[in-house]
$ cat start.cif   # mmCIF, C-alpha atoms
data_final
#
loop_
_atom_site.group_PDB
_atom_site.id
_atom_site.type_symbol
_atom_site.label_atom_id
_atom_site.label_comp_id
_atom_site.auth_asym_id
_atom_site.auth_seq_id
_atom_site.Cartn_x
_atom_site.Cartn_y
_atom_site.Cartn_z
ATOM 1 C CA MET A 1 0.000 0.000 0.000
ATOM 2 C CA GLN A 2 1.393 3.395 -0.975
ATOM 3 C CA MET A 3 1.036 6.120 1.631
ATOM 4 C CA ASP A 4 0.677 9.775 0.734
ATOM 5 C CA PHE A 5 3.383 11.611 2.730
ATOM 6 C CA GLY A 6 1.410 14.843 2.458
ATOM 7 C CA ALA A 7 -1.582 13.138 4.037
ATOM 8 C CA VAL A 8 0.580 11.878 6.906
ATOM 9 C CA LEU A 9 1.986 15.376 7.490
ATOM 10 C CA ARG A 10 -1.523 16.862 7.438
ATOM 11 C CA ALA A 11 -2.733 14.165 9.862
ATOM 12 C CA ALA A 12 0.142 14.877 12.268
ATOM 13 C CA ALA A 13 -0.578 18.609 12.037
ATOM 14 C CA PHE A 14 -4.297 18.014 12.587
ATOM 15 C CA CYS A 15 -3.626 15.881 15.673
ATOM 16 C CA ALA A 16 -1.335 18.538 17.086
ATOM 17 C CA LEU A 17 -3.837 21.324 16.353
ATOM 18 C CA ALA A 18 -6.599 19.317 17.968
ATOM 19 C CA ALA A 19 -4.417 18.972 21.046
ATOM 20 C CA GLY A 20 -3.728 22.720 20.980
ATOM 21 C CA SER A 21 0.037 22.371 20.762
ATOM 22 C CA PHE A 22 0.848 24.165 17.508
ATOM 23 C CA GLY A 23 0.189 27.763 18.539
ATOM 24 C CA THR A 24 0.160 30.163 15.613
ATOM 25 C CA ALA A 25 2.921 28.711 13.427
ATOM 26 C CA ALA A 26 1.601 25.787 11.387
ATOM 27 C CA ALA A 27 5.118 24.530 10.639
ATOM 28 C CA GLN A 28 5.930 23.841 14.299
ATOM 29 C CA ALA A 29 5.970 20.309 15.637
ATOM 30 C CA PRO A 30 3.627 19.118 18.380
ATOM 31 C CA GLU A 31 4.881 19.423 21.943
ATOM 32 C CA PRO A 32 6.561 16.162 22.961
ATOM 33 C CA PRO A 33 5.478 14.299 26.070
ATOM 34 C CA VAL A 34 7.440 14.844 29.262
ATOM 35 C CA SER A 35 10.520 12.623 29.394
ATOM 36 C CA ARG A 36 10.936 10.029 32.109
ATOM 37 C CA PRO A 37 14.005 9.316 34.235
ATOM 38 C CA ALA A 38 16.704 6.980 32.969
ATOM 39 C CA PRO A 39 16.333 3.300 33.883
ATOM 40 C CA PRO A 40 19.187 1.421 35.554
ATOM 41 C CA SER A 41 20.347 0.087 32.148
ATOM 42 C CA LEU A 42 22.419 3.275 31.778
ATOM 43 C CA LYS A 43 24.176 2.617 35.095
ATOM 44 C CA VAL A 44 22.387 5.502 36.795
ATOM 45 C CA PRO A 45 22.355 4.822 40.537
ATOM 46 C CA PRO A 46 18.881 4.146 41.972
ATOM 47 C CA GLY A 47 17.320 6.563 44.426
ATOM 48 C CA LEU A 48 18.358 9.792 42.673
ATOM 49 C CA THR A 49 16.011 12.699 42.103
ATOM 50 C CA GLU A 50 15.046 13.506 38.503
ATOM 51 C CA ALA A 51 17.487 16.453 38.508
ATOM 52 C CA GLU A 52 20.300 14.202 39.748
ATOM 53 C CA ARG A 53 19.485 11.601 37.062
ATOM 54 C CA ASP A 54 19.561 14.337 34.415
ATOM 55 C CA ALA A 55 22.944 15.485 35.728
ATOM 56 C CA VAL A 56 24.326 11.933 35.514
ATOM 57 C CA LEU A 57 23.090 11.556 31.933
ATOM 58 C CA SER A 58 24.449 14.958 30.933
ATOM 59 C CA SER A 59 27.866 14.651 32.542
ATOM 60 C CA GLY A 60 28.655 10.972 32.113
ATOM 61 C CA PRO A 61 29.336 8.912 29.031
ATOM 62 C CA TRP A 62 25.595 8.862 28.154
ATOM 63 C CA ARG A 63 23.851 12.078 27.196
ATOM 64 C CA ARG A 64 20.564 13.150 25.672
ATOM 65 C CA LEU A 65 20.793 14.789 22.274
ATOM 66 C CA GLY A 66 19.251 18.207 21.778
ATOM 67 C CA GLU A 67 16.929 19.188 18.940
ATOM 68 C CA GLU A 68 19.613 20.253 16.443
ATOM 69 C CA GLU A 69 21.824 17.275 17.340
ATOM 70 C CA ILE A 70 18.927 14.899 16.651
ATOM 71 C CA ARG A 71 18.264 16.537 13.289
ATOM 72 C CA GLU A 72 21.957 16.409 12.364
ATOM 73 C CA ALA A 73 22.195 12.731 13.374
ATOM 74 C CA LEU A 74 19.114 11.716 11.365
ATOM 75 C CA ARG A 75 18.902 13.820 8.189
ATOM 76 C CA GLY A 76 19.556 11.553 5.224
ATOM 77 C CA LYS A 77 20.506 8.627 7.475
ATOM 78 C CA THR A 78 19.241 5.095 7.967
ATOM 79 C CA LEU A 79 19.309 3.726 11.497
ATOM 80 C CA HIS A 80 19.489 -0.060 11.893
ATOM 81 C CA TYR A 81 17.929 -1.156 15.197
ATOM 82 C CA LEU A 82 18.233 -3.909 17.803
ATOM 83 C CA LEU A 83 15.696 -4.691 20.515
ATOM 84 C CA PHE A 84 16.721 -7.227 23.166
ATOM 85 C CA GLY A 85 19.719 -8.096 20.968
ATOM 86 C CA ARG A 86 17.581 -8.980 17.927
ATOM 87 C CA PRO A 87 17.185 -6.982 14.698
ATOM 88 C CA ARG A 88 14.244 -4.561 14.947
ATOM 89 C CA GLY A 89 14.217 -3.143 11.430
ATOM 90 C CA GLU A 90 15.621 0.050 9.995
ATOM 91 C CA GLU A 91 14.383 3.583 9.414
ATOM 92 C CA HIS A 92 15.494 5.955 6.687
ATOM 93 C CA HIS A 93 15.108 9.621 7.667
ATOM 94 C CA PHE A 94 14.728 11.972 4.712
ATOM 95 C CA GLU A 95 15.918 15.553 5.097
ATOM 96 C CA ASP A 96 12.365 16.901 4.595
ATOM 97 C CA GLY A 97 10.995 15.032 7.643
ATOM 98 C CA ARG A 98 9.687 11.935 5.864
ATOM 99 C CA VAL A 99 10.651 8.523 7.211
ATOM 100 C CA VAL A 100 10.352 4.931 5.984
ATOM 101 C CA TRP A 101 10.508 2.161 8.585
ATOM 102 C CA ARG A 102 11.345 -1.256 7.148
ATOM 103 C CA MET A 103 10.435 -4.081 9.464
ATOM 104 C CA GLU A 104 12.338 -7.357 9.519
ATOM 105 C CA ASP A 105 9.791 -9.049 7.223
ATOM 106 C CA GLY A 106 10.490 -6.429 4.534
ATOM 107 C CA LEU A 107 7.197 -4.568 4.858
ATOM 108 C CA CYS A 108 7.454 -0.817 5.284
ATOM 109 C CA LEU A 109 5.559 2.003 6.938
ATOM 110 C CA ALA A 110 5.841 5.559 5.657
ATOM 111 C CA GLY A 111 5.506 8.520 7.982
ATOM 112 C CA VAL A 112 7.158 11.658 9.314
ATOM 113 C CA TRP A 113 9.734 12.399 12.016
ATOM 114 C CA VAL A 114 9.916 15.544 14.136
ATOM 115 C CA ALA A 115 12.628 16.679 16.582
ATOM 116 C CA ARG A 116 11.661 19.141 19.293
ATOM 117 C CA ASN A 117 13.761 20.012 22.328
ATOM 118 C CA GLU A 118 15.289 16.675 23.461
ATOM 119 C CA THR A 119 12.521 14.567 21.911
ATOM 120 C CA LEU A 120 12.141 12.659 18.643
ATOM 121 C CA CYS A 121 8.610 11.735 17.540
ATOM 122 C CA TYR A 122 7.443 9.526 14.702
ATOM 123 C CA PHE A 123 3.971 9.715 13.136
ATOM 124 C CA TYR A 124 3.011 6.765 10.911
ATOM 125 C CA GLY A 125 -0.754 7.235 10.729
ATOM 126 C CA PHE A 126 -3.327 4.669 11.786
ATOM 127 C CA GLY A 127 -2.586 5.560 15.425
ATOM 128 C CA ARG A 128 1.063 4.506 15.129
ATOM 129 C CA THR A 129 3.047 7.216 16.842
ATOM 130 C CA GLY A 130 5.938 7.144 19.244
ATOM 131 C CA CYS A 131 8.172 9.646 20.978
ATOM 132 C CA TRP A 132 11.696 8.941 22.156
ATOM 133 C CA THR A 133 14.685 10.486 23.842
ATOM 134 C CA MET A 134 17.728 9.961 21.638
ATOM 135 C CA ILE A 135 20.758 9.131 23.748
ATOM 136 C CA GLU A 136 24.409 9.003 22.686
ATOM 137 C CA GLY A 137 27.002 6.965 24.537
ATOM 138 C CA PRO A 138 30.245 5.071 24.089
ATOM 139 C CA GLN A 139 28.502 2.338 22.058
ATOM 140 C CA GLY A 140 26.547 4.771 19.848
ATOM 141 C CA TYR A 141 22.907 5.811 19.905
ATOM 142 C CA ARG A 142 19.817 4.412 21.536
ATOM 143 C CA HIS A 143 16.180 5.488 21.572
ATOM 144 C CA ARG A 144 14.428 5.542 24.951
ATOM 145 C CA PRO A 145 10.609 5.548 24.787
ATOM 146 C CA LEU A 146 8.996 8.410 26.680
ATOM 147 C CA GLU A 147 5.882 6.467 27.586
ATOM 148 C CA GLY A 148 5.556 3.172 29.416
ATOM 149 C CA GLU A 149 8.321 0.929 30.623
ATOM 150 C CA ALA A 150 9.491 -0.398 27.257
ATOM 151 C CA ALA A 151 13.160 -1.206 26.728
ATOM 152 C CA ASP A 152 15.577 1.050 24.888
ATOM 153 C CA VAL A 153 15.983 0.414 21.176
ATOM 154 C CA VAL A 154 19.693 0.225 20.328
ATOM 155 C CA VAL A 155 21.019 1.683 17.091
ATOM 156 C CA ARG A 156 23.428 -0.990 15.881
ATOM 157 C CA ARG A 157 24.498 0.880 12.760
ATOM 158 C CA VAL A 158 24.001 4.219 10.967
ATOM 159 C CA SER A 159 24.257 4.339 7.182
ATOM 160 C CA GLU A 160 23.238 6.542 4.274
ATOM 161 C CA GLU A 161 21.758 3.732 2.195
ATOM 162 C CA PRO A 162 17.979 3.929 1.673
ATOM 163 C CA VAL A 163 15.825 1.054 2.859
ATOM 164 C CA THR A 164 14.339 -1.397 0.392
ATOM 165 C CA CYS A 165 10.779 -2.519 0.939
ATOM 166 C CA ALA A 166 9.060 -5.776 0.058
ATOM 167 C CA PRO A 167 6.576 -5.548 -2.792
ATOM 168 C CA VAL A 168 3.001 -5.007 -1.664
ATOM 169 C CA PRO A 169 0.722 -7.973 -2.488
ATOM 170 C CA THR A 170 -1.918 -7.107 -5.080
ATOM 171 C CA SER A 171 -4.525 -9.626 -4.004
#
$ encode --input "start.cif" --output "C-alpha cells"
Amino acid sequence: MQMDFGAVLRAAAFCALAAGSFGTAAAQAPEPPVSRPAPPSLKVPPGLTEAERDAVLSSGPWRRLGEEEIREALRGKTLHYLLFGRPRGEEHHFEDGRVVWRMEDGLCLAGVWVARNETLCYFYGFGRTGCWTMIEGPQGYRHRPLEGEAADVVVRRVSEEPVTCAPVPTS
C-alpha cells in the first residue's frame, strides 16, 4: 500500500492542532510528552532525584541529544535497530521530515519524524506514533521511549543507504 506523505503530514498537524500544541505557526511540531528518568540500564544509581538523574546523563558517558543534534544525526541517514539483541528493522530519515521504517519481514511504513527540544517523535498514521529520547554513549545511539516501561531500542548501525521494501501484495 502506498502512503501519501502529504496526508501523513496533514494528519500529524491536525492531531497537534486538535491537542492545541501548535500555537500560531503551522510549521511547528507538536509538543513532545514529558521525558521520564533513565532506567538502571544506563548505570544511573537508583534513588536519585530527577534532577540528579539528568545530571548523571548529561555529565557521564551517556547524554541526551538536543533538537539540532537529533536533526543532524538523522537527516539523510538510515538507522538499523536492535531490541533485546535482535534486529528490529531500519528507518530511513529523509531531510524533509519523511521517514520509511522497514520491518524485519520487509514490509514498510511511511511517515514523518519531528525533533523538538530533546525529543524525537514519529507519526506513521493509523494511530502509530511514538516519541523517544535519543541518547548518545560510548557504544553509539539508543532510543528511549517516553511512555511506558518499554526497553531502549539500540542503534546498531548508521548508514546513508535507503531502505528497500518488500513488494506489496496485489490480491
$ residues_around --input "start.cif" --residues "A:Glu161" --least-positions-apart "2" --cutoff "12 Å" --atoms "all atoms listed in the file" --output "PyMOL selection string"
chain A and resi 76-80+90-94+157-159+163-164
$ residues_around --input "start.cif" --residues "A:Glu95" --least-positions-apart "6" --cutoff "10 Å" --atoms "all atoms listed in the file" --output "number ranges by chain"
A: 71-72, 74-77, 113
$ residues_around --input "start.cif" --residues "A:Gly106" --least-positions-apart "4" --cutoff "8 Å" --atoms "only C-alpha atoms" --output "CSV table (one decimal) with C-alpha atoms, in the coordinates of the input"
chain,number,residue,atom,x,y,z
A,102,ARG,CA,11.3,-1.3,7.1
A,164,THR,CA,14.3,-1.4,0.4
A,165,CYS,CA,10.8,-2.5,0.9
A,166,ALA,CA,9.1,-5.8,0.1
$ atom_distance --input "start.cif" --atom1 "atom CA of A:Asn117" --atom2 "atom CA of A:Gly89"
25.6 Å
$ resolve_selection --input "start.cif" --expression "the PyMOL selection byres ((chain A and resi 144) around 6)" --output "JSON list (two decimals) with C-alpha atoms, keeping the file's coordinate frame"
[["chain", "number", "residue", "atom", "x", "y", "z"],
["A", 132, "TRP", "CA", 11.70, 8.94, 22.16],
["A", 133, "THR", "CA", 14.68, 10.49, 23.84],
["A", 143, "HIS", "CA", 16.18, 5.49, 21.57],
["A", 145, "PRO", "CA", 10.61, 5.55, 24.79],
["A", 152, "ASP", "CA", 15.58, 1.05, 24.89]]
$ closest_residue --input "start.cif" --among "A:Leu65, A:Ile70, A:Val114, A:Val100" --to "A:Glu136" --atoms "only C-alpha atoms"
A:Leu65
$ closest_residue --input "start.cif" --among "A:Thr119, A:Gly130, A:Gln139, A:Tyr124" --to "A:Gly66" --atoms "only C-alpha atoms"
A:Thr119
$ residues_near_point --input "start.cif" --point "(5.5, 10.9, 18.4)" --cutoff "6 Å" --atoms "only C-alpha atoms" --output "list of chain:residue names"
A:Cys121, A:Tyr122, A:Phe123, A:Thr129, A:Gly130, A:Cys131
$ atom_distance --input "start.cif" --atom1 "atom CA of A:Pro162" --atom2 "atom CA of A:Ala110"
12.9 Å
$ closest_residue --input "start.cif" --among "A:Val153, A:Pro138, A:Glu67, A:Arg98" --to "A:Leu82" --atoms "all atoms listed in the file"
A:Val153
